[in-house]
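Undergrad: Got target.cif for you, mmCIF, C-alpha atoms:
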```
data_my_file
#
loop_
_atom_site.group_PDB
_atom_site.id
_atom_site.type_symbol
_atom_site.label_atom_id
_atom_site.label_comp_id
_atom_site.auth_asym_id
_atom_site.auth_seq_id
_atom_site.Cartn_x
_atom_site.Cartn_y
_atom_site.Cartn_z
ATOM 1 C CA MET A 1256 -17.595 2.819 15.015
ATOM 2 C CA ASN A 1257 -14.051 1.523 14.559
ATOM 3 C CA LYS A 1258 -13.919 -0.678 11.472
ATOM 4 C CA LYS A 1259 -10.142 -0.961 11.454
ATOM 5 C CA VAL A 1260 -9.011 -4.547 12.100
ATOM 6 C CA ALA A 1261 -5.470 -5.277 13.286
ATOM 7 C CA LEU A 1262 -4.167 -8.243 11.287
ATOM 8 C CA GLN A 1263 -1.524 -10.564 12.722
ATOM 9 C CA ASP A 1264 -0.148 -13.740 11.181
ATOM 10 C CA LEU A 1265 1.233 -15.786 14.066
ATOM 11 C CA GLY A 1266 2.725 -18.499 11.865
ATOM 12 C CA CYS A 1267 2.795 -21.954 13.484
ATOM 13 C CA LYS A 1268 1.886 -21.573 17.174
ATOM 14 C CA ASP A 1269 0.886 -23.894 20.003
ATOM 15 C CA TYR A 1270 -2.887 -23.982 20.498
ATOM 16 C CA LYS A 1271 -2.847 -23.091 24.194
ATOM 17 C CA GLU A 1272 -0.469 -20.158 23.657
ATOM 18 C CA THR A 1273 -2.735 -18.802 20.941
ATOM 19 C CA TRP A 1274 -5.871 -19.376 23.005
ATOM 20 C CA ASP A 1275 -4.317 -17.430 25.895
ATOM 21 C CA TYR A 1276 -3.420 -14.611 23.501
ATOM 22 C CA GLN A 1277 -6.971 -14.562 22.154
ATOM 23 C CA GLU A 1278 -8.271 -14.323 25.715
ATOM 24 C CA THR A 1279 -5.987 -11.340 26.398
ATOM 25 C CA LEU A 1280 -7.236 -9.457 23.328
ATOM 26 C CA PHE A 1281 -10.837 -10.436 24.076
ATOM 27 C CA LYS A 1282 -10.595 -9.232 27.702
ATOM 28 C CA ASP A 1283 -9.054 -5.940 26.616
ATOM 29 C CA ILE A 1284 -12.029 -5.210 24.343
ATOM 30 C CA VAL A 1285 -14.604 -6.276 26.939
ATOM 31 C CA ASP A 1286 -12.896 -4.210 29.666
ATOM 32 C CA THR A 1287 -12.895 -1.161 27.407
ATOM 33 C CA LYS A 1288 -16.609 -1.609 26.723
ATOM 34 C CA VAL A 1289 -17.373 -1.930 30.433
ATOM 35 C CA ARG A 1290 -15.378 1.211 31.188
ATOM 36 C CA ASN A 1291 -17.192 3.103 28.424
ATOM 37 C CA ARG A 1292 -20.532 2.099 29.901
ATOM 38 C CA ARG A 1293 -19.612 2.922 33.508
ATOM 39 C CA GLU A 1294 -17.623 6.084 32.944
ATOM 40 C CA ASP A 1295 -18.906 7.247 29.555
ATOM 41 C CA ALA A 1296 -15.207 7.247 28.609
ATOM 42 C CA GLY A 1297 -15.825 7.213 24.861
ATOM 43 C CA LEU A 1298 -12.841 4.940 24.204
ATOM 44 C CA GLU A 1299 -12.571 3.274 20.803
ATOM 45 C CA THR A 1300 -12.666 -0.534 20.969
ATOM 46 C CA PRO A 1301 -10.089 -2.361 18.834
ATOM 47 C CA ASN A 1302 -10.731 -5.274 16.461
ATOM 48 C CA HIS A 1303 -8.297 -8.085 15.668
ATOM 49 C CA PHE A 1304 -7.894 -10.851 13.093
ATOM 50 C CA LEU A 1305 -5.356 -13.600 13.793
ATOM 51 C CA PHE A 1306 -4.109 -16.089 11.227
ATOM 52 C CA VAL A 1307 -2.368 -19.132 12.679
ATOM 53 C CA GLU A 1308 -1.365 -22.703 11.902
ATOM 54 C CA HIS A 1309 -1.430 -25.112 14.839
ATOM 55 C CA PRO A 1310 0.507 -28.306 15.553
ATOM 56 C CA HIS A 1311 -1.823 -31.333 15.703
ATOM 57 C CA VAL A 1312 -4.556 -30.626 18.275
ATOM 58 C CA TYR A 1313 -8.137 -31.634 19.025
ATOM 59 C CA THR A 1314 -10.471 -29.174 20.734
ATOM 60 C CA LEU A 1315 -13.863 -29.892 22.259
ATOM 61 C CA GLY A 1316 -16.479 -27.143 22.522
ATOM 62 C CA LYS A 1317 -18.466 -26.540 25.701
ATOM 63 C CA SER A 1318 -21.502 -28.412 24.354
ATOM 64 C CA GLY A 1319 -19.448 -31.200 22.791
ATOM 65 C CA ASP A 1320 -19.400 -34.918 23.562
ATOM 66 C CA ILE A 1321 -16.041 -36.379 24.618
ATOM 67 C CA ASN A 1322 -17.107 -39.677 23.037
ATOM 68 C CA ASN A 1323 -16.610 -38.034 19.644
ATOM 69 C CA LEU A 1324 -12.865 -38.334 20.273
ATOM 70 C CA LEU A 1325 -12.264 -41.932 19.216
ATOM 71 C CA VAL A 1326 -8.779 -42.481 20.658
ATOM 72 C CA ASP A 1327 -7.168 -42.265 24.083
ATOM 73 C CA GLU A 1328 -4.374 -40.056 25.374
ATOM 74 C CA LYS A 1329 -1.723 -42.655 24.553
ATOM 75 C CA VAL A 1330 -2.697 -42.710 20.865
ATOM 76 C CA LEU A 1331 -2.837 -38.909 20.752
ATOM 77 C CA LYS A 1332 0.681 -38.713 22.165
ATOM 78 C CA ALA A 1333 1.953 -41.261 19.639
ATOM 79 C CA LYS A 1334 0.482 -39.114 16.864
ATOM 80 C CA GLY A 1335 2.049 -35.956 18.281
ATOM 81 C CA ALA A 1336 -1.357 -34.463 19.073
ATOM 82 C CA THR A 1337 -2.787 -32.641 22.088
ATOM 83 C CA PHE A 1338 -6.356 -32.183 23.354
ATOM 84 C CA TYR A 1339 -8.173 -29.274 25.011
ATOM 85 C CA LYS A 1340 -11.686 -28.614 26.268
ATOM 86 C CA ILE A 1341 -12.411 -25.012 25.320
ATOM 87 C CA ASN A 1342 -15.037 -22.283 25.664
ATOM 88 C CA ARG A 1343 -16.361 -21.961 22.125
ATOM 89 C CA GLY A 1344 -19.594 -23.356 20.736
ATOM 90 C CA GLY A 1345 -19.691 -26.545 18.698
ATOM 91 C CA ASP A 1346 -18.369 -30.047 19.221
ATOM 92 C CA ILE A 1347 -14.955 -31.562 18.455
ATOM 93 C CA THR A 1348 -12.581 -30.088 15.893
ATOM 94 C CA TYR A 1349 -9.100 -30.909 14.647
ATOM 95 C CA HIS A 1350 -6.416 -28.325 13.855
ATOM 96 C CA GLY A 1351 -3.082 -29.113 12.286
ATOM 97 C CA PRO A 1352 -0.407 -28.279 9.719
ATOM 98 C CA GLY A 1353 -1.707 -27.337 6.287
ATOM 99 C CA GLN A 1354 -4.817 -25.707 7.692
ATOM 100 C CA VAL A 1355 -5.591 -21.976 7.604
ATOM 101 C CA VAL A 1356 -7.071 -21.031 10.979
ATOM 102 C CA GLY A 1357 -8.560 -17.586 11.458
ATOM 103 C CA TYR A 1358 -9.603 -15.977 14.739
ATOM 104 C CA PRO A 1359 -11.517 -12.701 14.321
ATOM 105 C CA ILE A 1360 -11.695 -10.973 17.707
ATOM 106 C CA LEU A 1361 -14.171 -8.234 16.911
ATOM 107 C CA ASP A 1362 -16.381 -5.835 18.790
ATOM 108 C CA LEU A 1363 -19.551 -6.422 16.801
ATOM 109 C CA ASP A 1364 -20.844 -3.069 18.049
ATOM 110 C CA ASN A 1365 -18.401 -1.733 15.446
ATOM 111 C CA PHE A 1366 -20.121 -3.729 12.696
ATOM 112 C CA PHE A 1367 -23.545 -5.201 13.522
ATOM 113 C CA THR A 1368 -24.964 -6.893 16.618
ATOM 114 C CA ASP A 1369 -26.157 -10.166 15.114
ATOM 115 C CA ILE A 1370 -24.291 -13.429 15.811
ATOM 116 C CA HIS A 1371 -26.274 -15.324 13.168
ATOM 117 C CA LYS A 1372 -25.260 -12.750 10.550
ATOM 118 C CA TYR A 1373 -21.663 -12.879 11.804
ATOM 119 C CA LEU A 1374 -21.443 -16.641 11.257
ATOM 120 C CA ARG A 1375 -23.123 -16.373 7.844
ATOM 121 C CA PHE A 1376 -20.578 -13.702 6.828
ATOM 122 C CA LEU A 1377 -17.675 -15.951 7.869
ATOM 123 C CA GLU A 1378 -19.195 -18.781 5.842
ATOM 124 C CA GLU A 1379 -19.697 -16.435 2.876
ATOM 125 C CA MET A 1380 -16.046 -15.359 3.076
ATOM 126 C CA VAL A 1381 -15.016 -19.010 2.666
ATOM 127 C CA ILE A 1382 -17.640 -19.727 -0.026
ATOM 128 C CA LEU A 1383 -16.413 -16.769 -2.104
ATOM 129 C CA THR A 1384 -12.789 -17.870 -1.636
ATOM 130 C CA LEU A 1385 -13.554 -21.427 -2.771
ATOM 131 C CA ALA A 1386 -15.380 -20.041 -5.818
ATOM 132 C CA GLU A 1387 -12.091 -18.480 -6.930
ATOM 133 C CA TYR A 1388 -10.743 -22.032 -7.151
ATOM 134 C CA GLY A 1389 -13.755 -23.258 -9.102
ATOM 135 C CA LEU A 1390 -15.428 -24.983 -6.132
ATOM 136 C CA LYS A 1391 -19.026 -24.523 -5.034
ATOM 137 C CA GLY A 1392 -18.948 -24.148 -1.262
ATOM 138 C CA GLN A 1393 -22.327 -24.478 0.429
ATOM 139 C CA ARG A 1394 -24.064 -24.194 3.785
ATOM 140 C CA SER A 1395 -25.683 -27.273 5.290
ATOM 141 C CA GLU A 1396 -28.902 -26.527 7.148
ATOM 142 C CA GLY A 1397 -28.420 -26.690 10.917
ATOM 143 C CA GLU A 1398 -24.666 -27.264 10.587
ATOM 144 C CA THR A 1399 -22.273 -24.315 10.858
ATOM 145 C CA GLY A 1400 -19.359 -24.309 8.430
ATOM 146 C CA VAL A 1401 -18.820 -24.793 4.706
ATOM 147 C CA TRP A 1402 -19.463 -27.963 2.742
ATOM 148 C CA LEU A 1403 -19.292 -29.395 -0.773
ATOM 149 C CA ASP A 1404 -22.039 -31.425 -2.481
ATOM 150 C CA VAL A 1405 -24.615 -30.786 0.266
ATOM 151 C CA GLY A 1406 -27.668 -33.026 0.059
ATOM 152 C CA THR A 1407 -25.839 -35.821 -1.763
ATOM 153 C CA PRO A 1408 -24.140 -39.017 -0.523
ATOM 154 C CA PHE A 1409 -20.846 -37.258 -1.284
ATOM 155 C CA ALA A 1410 -21.358 -34.326 1.123
ATOM 156 C CA ARG A 1411 -18.052 -33.371 2.742
ATOM 157 C CA LYS A 1412 -16.895 -30.574 5.013
ATOM 158 C CA ILE A 1413 -14.012 -28.322 4.056
ATOM 159 C CA CYS A 1414 -14.269 -25.600 6.714
ATOM 160 C CA ALA A 1415 -15.241 -25.902 10.390
ATOM 161 C CA MET A 1416 -16.405 -22.977 12.531
ATOM 162 C CA GLY A 1417 -16.960 -22.373 16.215
ATOM 163 C CA VAL A 1418 -17.145 -19.060 18.028
ATOM 164 C CA ARG A 1419 -17.635 -17.552 21.441
ATOM 165 C CA ALA A 1420 -19.264 -14.159 21.977
ATOM 166 C CA SER A 1421 -19.813 -12.042 25.086
ATOM 167 C CA ARG A 1422 -20.948 -8.394 25.173
ATOM 168 C CA TRP A 1423 -20.897 -8.640 21.359
ATOM 169 C CA VAL A 1424 -17.160 -9.422 21.368
ATOM 170 C CA THR A 1425 -16.134 -12.521 19.399
ATOM 171 C CA MET A 1426 -13.286 -15.019 19.623
ATOM 172 C CA HIS A 1427 -12.309 -18.388 18.123
ATOM 173 C CA GLY A 1428 -13.337 -18.670 14.465
ATOM 174 C CA PHE A 1429 -12.804 -20.905 11.434
ATOM 175 C CA ALA A 1430 -10.473 -23.641 10.190
ATOM 176 C CA LEU A 1431 -10.176 -24.147 6.425
ATOM 177 C CA ASN A 1432 -8.490 -27.342 5.244
ATOM 178 C CA ILE A 1433 -5.895 -26.535 2.578
ATOM 179 C CA ASN A 1434 -3.043 -29.083 2.574
ATOM 180 C CA THR A 1435 -4.264 -30.894 5.686
ATOM 181 C CA ASP A 1436 -3.453 -34.536 6.500
ATOM 182 C CA LEU A 1437 -7.037 -35.801 6.509
ATOM 183 C CA GLY A 1438 -6.000 -38.999 8.304
ATOM 184 C CA TYR A 1439 -6.154 -37.101 11.600
ATOM 185 C CA PHE A 1440 -9.918 -36.696 11.165
ATOM 186 C CA ASP A 1441 -10.261 -40.487 11.436
ATOM 187 C CA MET A 1442 -9.534 -40.232 15.155
ATOM 188 C CA MET A 1443 -12.739 -38.299 15.841
ATOM 189 C CA ILE A 1444 -16.306 -37.754 14.691
ATOM 190 C CA PRO A 1445 -15.821 -34.290 13.136
ATOM 191 C CA CYS A 1446 -18.089 -31.718 14.811
ATOM 192 C CA GLY A 1447 -20.081 -34.676 16.155
ATOM 193 C CA ILE A 1448 -21.562 -35.301 12.703
ATOM 194 C CA LYS A 1449 -21.489 -38.959 11.687
ATOM 195 C CA ASP A 1450 -21.466 -40.358 8.145
ATOM 196 C CA LYS A 1451 -20.126 -37.214 6.458
ATOM 197 C CA ALA A 1452 -16.645 -36.927 5.052
ATOM 198 C CA VAL A 1453 -14.027 -34.217 5.423
ATOM 199 C CA THR A 1454 -11.990 -32.810 2.555
ATOM 200 C CA SER A 1455 -9.316 -30.231 1.786
ATOM 201 C CA LEU A 1456 -8.614 -27.747 -0.984
ATOM 202 C CA ASN A 1457 -5.617 -29.622 -2.370
ATOM 203 C CA VAL A 1458 -7.608 -32.883 -2.551
ATOM 204 C CA GLU A 1459 -10.475 -31.158 -4.346
ATOM 205 C CA LEU A 1460 -8.114 -29.507 -6.833
ATOM 206 C CA GLY A 1461 -6.078 -32.667 -7.366
ATOM 207 C CA GLN A 1462 -2.918 -30.812 -6.388
ATOM 208 C CA LYS A 1463 -0.076 -31.916 -4.146
ATOM 209 C CA GLU A 1464 0.020 -28.529 -2.440
ATOM 210 C CA VAL A 1465 -1.914 -25.248 -2.566
ATOM 211 C CA ASP A 1466 -0.270 -21.901 -1.765
ATOM 212 C CA MET A 1467 -1.632 -21.094 1.703
ATOM 213 C CA GLU A 1468 -0.528 -17.462 1.581
ATOM 214 C CA GLU A 1469 -2.580 -17.015 -1.578
ATOM 215 C CA VAL A 1470 -5.618 -18.463 0.202
ATOM 216 C CA LYS A 1471 -5.160 -16.032 3.102
ATOM 217 C CA VAL A 1472 -5.078 -13.078 0.704
ATOM 218 C CA LYS A 1473 -8.345 -14.199 -0.869
ATOM 219 C CA LEU A 1474 -10.002 -14.756 2.512
ATOM 220 C CA LEU A 1475 -9.006 -11.273 3.682
ATOM 221 C CA LYS A 1476 -10.251 -9.688 0.468
ATOM 222 C CA HIS A 1477 -13.711 -11.136 1.029
ATOM 223 C CA PHE A 1478 -13.666 -10.474 4.789
ATOM 224 C CA THR A 1479 -12.941 -6.776 4.278
ATOM 225 C CA ALA A 1480 -15.665 -6.479 1.635
ATOM 226 C CA LEU A 1481 -18.321 -8.267 3.693
ATOM 227 C CA PHE A 1482 -17.552 -6.490 6.956
ATOM 228 C CA GLU A 1483 -16.657 -3.184 5.265
ATOM 229 C CA ALA A 1484 -13.470 -3.343 7.316
ATOM 230 C CA GLU A 1485 -10.006 -1.853 6.887
ATOM 231 C CA MET A 1486 -7.181 -4.282 7.628
ATOM 232 C CA VAL A 1487 -4.105 -2.901 9.366
ATOM 233 C CA LYS A 1488 -1.157 -5.291 9.395
ATOM 234 C CA GLU A 1489 0.702 -5.723 12.677
ATOM 235 C CA GLY A 1490 3.625 -7.858 13.839
ATOM 236 C CA ALA A 1491 3.173 -11.200 15.594
ATOM 237 C CA GLY A 1492 1.879 -10.791 19.113
ATOM 238 C CA VAL A 1493 2.684 -14.079 20.827
#
```
Transcribe the structure of this file into structure tokens.

TA:
Amino acid sequence: MNKKVALQDLGCKDYKETWDYQETLFKDIVDTKVRNRREDAGLETPNHFLFVEHPHVYTLGKSGDINNLLVDEKVLKAKGATFYKINRGGDITYHGPGQVVGYPILDLDNFFTDIHKYLRFLEEMVILTLAEYGLKGQRSEGETGVWLDVGTPFARKICAMGVRASRWVTMHGFALNINTDLGYFDMMIPCGIKDKAVTSLNVELGQKEVDMEEVKVKLLKHFTALFEAEMVKEGAGV
């Protein structure tokens, strides 16, 4: 099993460009697995982890409801935002500046073949990272992602998640609000969940700005421990 994970930080990249790049990496892993099965080629399948920050964009998962986007195309354009229907699970999500987005593109045959466990590990990575800032991140039953003050009137989401998996290969991932302009969440019903707020790390810490590179380091530390992975840094690929 190959537990090496190629790490790339793409910086600020257009959503569609990054999605296309994810698809390329995803297809390469799937094709390798198919060849191994057909030809008994014994080829090692790679694993990838992409960090990226997107310009303002709304994405709707394959099971999502378009009515959860509360504005029309004209308003989106005025706000400098784009919109895409995509092939991950989940409902509507916002990505934008000040948000750490992570896309693990893994062959779970290299780790464990359990999507439920995979999602719980991603949540745990974020929960452990938040704990380093003195925050108690929590899971909310039936709702993927990481929350604060679950079960109270003050419940609020700090990290959204949505993945796609085929032949035990994953893509898409998580979006952790760090220095995010939370006003953009007002233009949708986040993840289709009404009456629950959204927050960010800088709001929770009462700081103007949190060091995003520091957050990435902490996330990777917990990812490598949970997945027993070895990160190998690579240059940007888009």

Undergrad: Using the chain letters and residue numbers of this document, give as JSON, numbers by chain the residues selected by the PyMOL selection byres ((chain A and resi 1434) around 6).

TA: {"A": [1353, 1433, 1435, 1457, 1464]}

Undergrad: For the provided coordinates, the residues matched by the PyMOL selection byres ((chain A and resi 1474) around 10) should be stated as a ChimeraX atom specification.

TA: /A:1355,1357,1377,1379-1385,1468-1473,1475-1479

Undergrad: With all atoms listed in the file as the basis for distance, which of A:Glu1278, A:Glu1272, A:Asp1364, A:Asp1320 is at the shortest distance from Ile1444 (chain A)?

TA: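 Of the candidates, the smallest distance to Ile1444 (chain A) is held by A:Asp1320.
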
Undergrad: Evaluate the PyMOL selection byres ((chain A and resi 1405) around 12) and record the selected residues as a PyMOL selection string, following the chain and residue labels used in the document.

TA: chain A and resi 1391-1396+1398+1400-1404+1406-1413+1451-1452

Undergrad: Between A:His1309, A:Tyr1388, A:Gly1319, A:Leu1331, which residue has the minimum interatomic distance to Gly1461 (chain A), considering only C-alpha atoms?

TA: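 Once distances to Gly1461 (chain A) are computed over only C-alpha atoms, the minimum belongs to A:Tyr1388.
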
Undergrad: Of the candidates A:Gly1389, A:Gly1297, A:Gly1344, A:Gly1335, which one gets nearest to Pro1310 (chain A) if we count all atoms listed in the file?

TA: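 Distance minimum relative to Pro1310 (chain A) lands on A:Gly1335.
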
Undergrad: Could you tell me which of A:Ile1341, A:Val1312, A:Leu1305, A:Leu1460 comes closest to Gln1277 (chain A) if we count all atoms listed in the file?

TA: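 Looking at the shortest contact to Gln1277 (chain A), the residue is A:Leu1305.
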
Undergrad: Could you tell me how far CA of Ala1296 (chain A) sits from CA of Asn1257 (chain A), in Å to one decimal place?

TA: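 A separation of 15.2 Å between them.
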
Undergrad: Let me make sure I understand: among A:Glu1328, A:Asp1441, A:Glu1294, A:Glu1308, which one has the smallest atom-to-atom distance to Leu1265 (chain A) if we use all atoms listed in the file?

TA: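 Result for the nearest residue to Leu1265 (chain A): A:Glu1308.
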
Undergrad: Taking every listed atom of region 1357-1373 of chain A and adding 6 Å to each side, what centre and edge lengths in Å (one decimal) does the axis-aligned box have, as lines of an AutoDock Vina configuration file?

TA:
```
center_x = -17.4
center_y = -9.7
center_z = 14.7
size_x = 29.7
size_y = 27.9
size_z = 20.2
```

Undergrad: Considering all atoms listed in the file, can you say which of A:Ala1336, A:Leu1437, A:Cys1267, A:Met1256 comes closest to Leu1363 (chain A)?

TA: A:Met1256

Undergrad: When you draw a straight line from CA of Glu1378 (chain A) to CA of Thr1337 (chain A), how long is it in Å?

TA: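 Answer for the CA of Glu1378 (chain A) to CA of Thr1337 (chain A) separation: 26.9 Å.
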
Undergrad: So how many Å separate CA of Asp1286 (chain A) and CA of Trp1423 (chain A), to one decimal?

TA: 12.4 Å

Undergrad: Write out as a list in words which residues come within 10 Å of Glu1483 (chain A) when counting all atoms listed in the file, dropping same-chain ones fewer than 6 positions away.

TA: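 What passes the distance filter is Lys1258, Lys1259, Phe1366 and His1477 of chain A.
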
Undergrad: As an NGL selection string, please: the residues near Ile1370 (chain A) (cut-off 10 Å, all atoms listed in the file, same-chain neighbours under 4 positions excluded).

TA: :A and (1363 or 1374-1376 or 1418-1420 or 1423-1425)

Undergrad: Can region 1304-1314 of chain A be brought up to all heavy atoms and written out as an mmCIF file, keeping the file's coordinate frame?

TA:
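Output saved as out_37.cif:
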```cif
data_model
loop_
_atom_site.group_PDB
_atom_site.id
_atom_site.type_symbol
_atom_site.label_atom_id
_atom_site.label_comp_id
_atom_site.auth_asym_id
_atom_site.auth_seq_id
_atom_site.Cartn_x
_atom_site.Cartn_y
_atom_site.Cartn_z
ATOM 1 N N PHE A 1304 -7.724 -9.649 13.925
ATOM 2 C CA PHE A 1304 -7.894 -10.851 13.093
ATOM 3 C C PHE A 1304 -6.558 -11.585 13.132
ATOM 4 O O PHE A 1304 -5.534 -11.060 12.692
ATOM 5 C CB PHE A 1304 -8.252 -10.452 11.660
ATOM 6 C CG PHE A 1304 -8.681 -11.597 10.779
ATOM 7 C CD1 PHE A 1304 -9.976 -11.654 10.273
ATOM 8 C CD2 PHE A 1304 -7.802 -12.612 10.437
ATOM 9 C CE1 PHE A 1304 -10.376 -12.694 9.445
ATOM 10 C CE2 PHE A 1304 -8.192 -13.664 9.619
ATOM 11 C CZ PHE A 1304 -9.487 -13.692 9.115
ATOM 12 N N LEU A 1305 -6.566 -12.792 13.687
ATOM 13 C CA LEU A 1305 -5.356 -13.600 13.793
ATOM 14 C C LEU A 1305 -5.388 -14.740 12.783
ATOM 15 O O LEU A 1305 -6.368 -15.484 12.714
ATOM 16 C CB LEU A 1305 -5.225 -14.194 15.198
ATOM 17 C CG LEU A 1305 -5.347 -13.253 16.398
ATOM 18 C CD1 LEU A 1305 -5.217 -14.052 17.691
ATOM 19 C CD2 LEU A 1305 -4.314 -12.141 16.331
ATOM 20 N N PHE A 1306 -4.334 -14.880 12.012
ATOM 21 C CA PHE A 1306 -4.109 -16.089 11.227
ATOM 22 C C PHE A 1306 -3.102 -16.933 11.993
ATOM 23 O O PHE A 1306 -2.144 -16.413 12.581
ATOM 24 C CB PHE A 1306 -3.519 -15.770 9.856
ATOM 25 C CG PHE A 1306 -4.533 -15.508 8.776
ATOM 26 C CD1 PHE A 1306 -4.405 -14.404 7.952
ATOM 27 C CD2 PHE A 1306 -5.606 -16.373 8.569
ATOM 28 C CE1 PHE A 1306 -5.325 -14.157 6.943
ATOM 29 C CE2 PHE A 1306 -6.528 -16.139 7.570
ATOM 30 C CZ PHE A 1306 -6.388 -15.018 6.752
ATOM 31 N N VAL A 1307 -3.297 -18.255 11.978
ATOM 32 C CA VAL A 1307 -2.368 -19.132 12.679
ATOM 33 C C VAL A 1307 -2.458 -20.539 12.080
ATOM 34 O O VAL A 1307 -3.469 -20.906 11.461
ATOM 35 C CB VAL A 1307 -2.686 -19.168 14.200
ATOM 36 C CG1 VAL A 1307 -4.021 -19.840 14.470
ATOM 37 C CG2 VAL A 1307 -1.571 -19.819 14.998
ATOM 38 N N GLU A 1308 -1.406 -21.278 12.258
ATOM 39 C CA GLU A 1308 -1.365 -22.703 11.902
ATOM 40 C C GLU A 1308 -0.940 -23.443 13.162
ATOM 41 O O GLU A 1308 0.058 -23.077 13.783
ATOM 42 C CB GLU A 1308 -0.360 -22.922 10.762
ATOM 43 C CG GLU A 1308 -0.408 -24.284 10.119
ATOM 44 C CD GLU A 1308 0.561 -24.384 8.942
ATOM 45 O OE1 GLU A 1308 1.261 -23.397 8.642
ATOM 46 O OE2 GLU A 1308 0.626 -25.462 8.336
ATOM 47 N N HIS A 1309 -1.726 -24.418 13.590
ATOM 48 C CA HIS A 1309 -1.430 -25.112 14.839
ATOM 49 C C HIS A 1309 -0.744 -26.456 14.603
ATOM 50 O O HIS A 1309 -1.037 -27.137 13.606
ATOM 51 C CB HIS A 1309 -2.718 -25.377 15.626
ATOM 52 C CG HIS A 1309 -3.386 -24.150 16.154
ATOM 53 N ND1 HIS A 1309 -2.737 -23.236 16.954
ATOM 54 C CD2 HIS A 1309 -4.658 -23.680 16.011
ATOM 55 C CE1 HIS A 1309 -3.568 -22.264 17.283
ATOM 56 N NE2 HIS A 1309 -4.733 -22.500 16.721
ATOM 57 N N PRO A 1310 0.112 -26.893 15.523
ATOM 58 C CA PRO A 1310 0.507 -28.306 15.553
ATOM 59 C C PRO A 1310 -0.749 -29.150 15.802
ATOM 60 O O PRO A 1310 -1.776 -28.617 16.229
ATOM 61 C CB PRO A 1310 1.471 -28.377 16.741
ATOM 62 C CG PRO A 1310 1.919 -26.975 16.984
ATOM 63 C CD PRO A 1310 0.764 -26.103 16.589
ATOM 64 N N HIS A 1311 -0.657 -30.446 15.580
ATOM 65 C CA HIS A 1311 -1.823 -31.333 15.703
ATOM 66 C C HIS A 1311 -2.516 -31.168 17.057
ATOM 67 O O HIS A 1311 -1.896 -31.335 18.114
ATOM 68 C CB HIS A 1311 -1.399 -32.793 15.545
ATOM 69 C CG HIS A 1311 -0.699 -33.086 14.251
ATOM 70 N ND1 HIS A 1311 -1.325 -33.001 13.034
ATOM 71 C CD2 HIS A 1311 0.588 -33.446 13.996
ATOM 72 C CE1 HIS A 1311 -0.476 -33.318 12.062
ATOM 73 N NE2 HIS A 1311 0.695 -33.584 12.620
ATOM 74 N N VAL A 1312 -3.809 -30.829 17.034
ATOM 75 C CA VAL A 1312 -4.556 -30.626 18.275
ATOM 76 C C VAL A 1312 -6.040 -30.882 18.030
ATOM 77 O O VAL A 1312 -6.572 -30.593 16.951
ATOM 78 C CB VAL A 1312 -4.337 -29.193 18.827
ATOM 79 C CG1 VAL A 1312 -4.811 -28.130 17.834
ATOM 80 C CG2 VAL A 1312 -5.003 -29.002 20.170
ATOM 81 N N TYR A 1313 -6.687 -31.441 19.038
ATOM 82 C CA TYR A 1313 -8.137 -31.634 19.025
ATOM 83 C C TYR A 1313 -8.745 -30.743 20.100
ATOM 84 O O TYR A 1313 -8.227 -30.694 21.224
ATOM 85 C CB TYR A 1313 -8.503 -33.096 19.287
ATOM 86 C CG TYR A 1313 -8.012 -34.035 18.208
ATOM 87 C CD1 TYR A 1313 -6.717 -34.564 18.257
ATOM 88 C CD2 TYR A 1313 -8.821 -34.377 17.134
ATOM 89 C CE1 TYR A 1313 -6.245 -35.400 17.254
ATOM 90 C CE2 TYR A 1313 -8.365 -35.226 16.127
ATOM 91 C CZ TYR A 1313 -7.081 -35.726 16.193
ATOM 92 O OH TYR A 1313 -6.621 -36.554 15.196
ATOM 93 N N THR A 1314 -9.807 -30.038 19.756
ATOM 94 C CA THR A 1314 -10.471 -29.174 20.734
ATOM 95 C C THR A 1314 -11.944 -29.541 20.811
ATOM 96 O O THR A 1314 -12.578 -29.823 19.790
ATOM 97 C CB THR A 1314 -10.321 -27.682 20.370
ATOM 98 O OG1 THR A 1314 -11.095 -27.378 19.196
ATOM 99 C CG2 THR A 1314 -8.862 -27.328 20.143
#
```
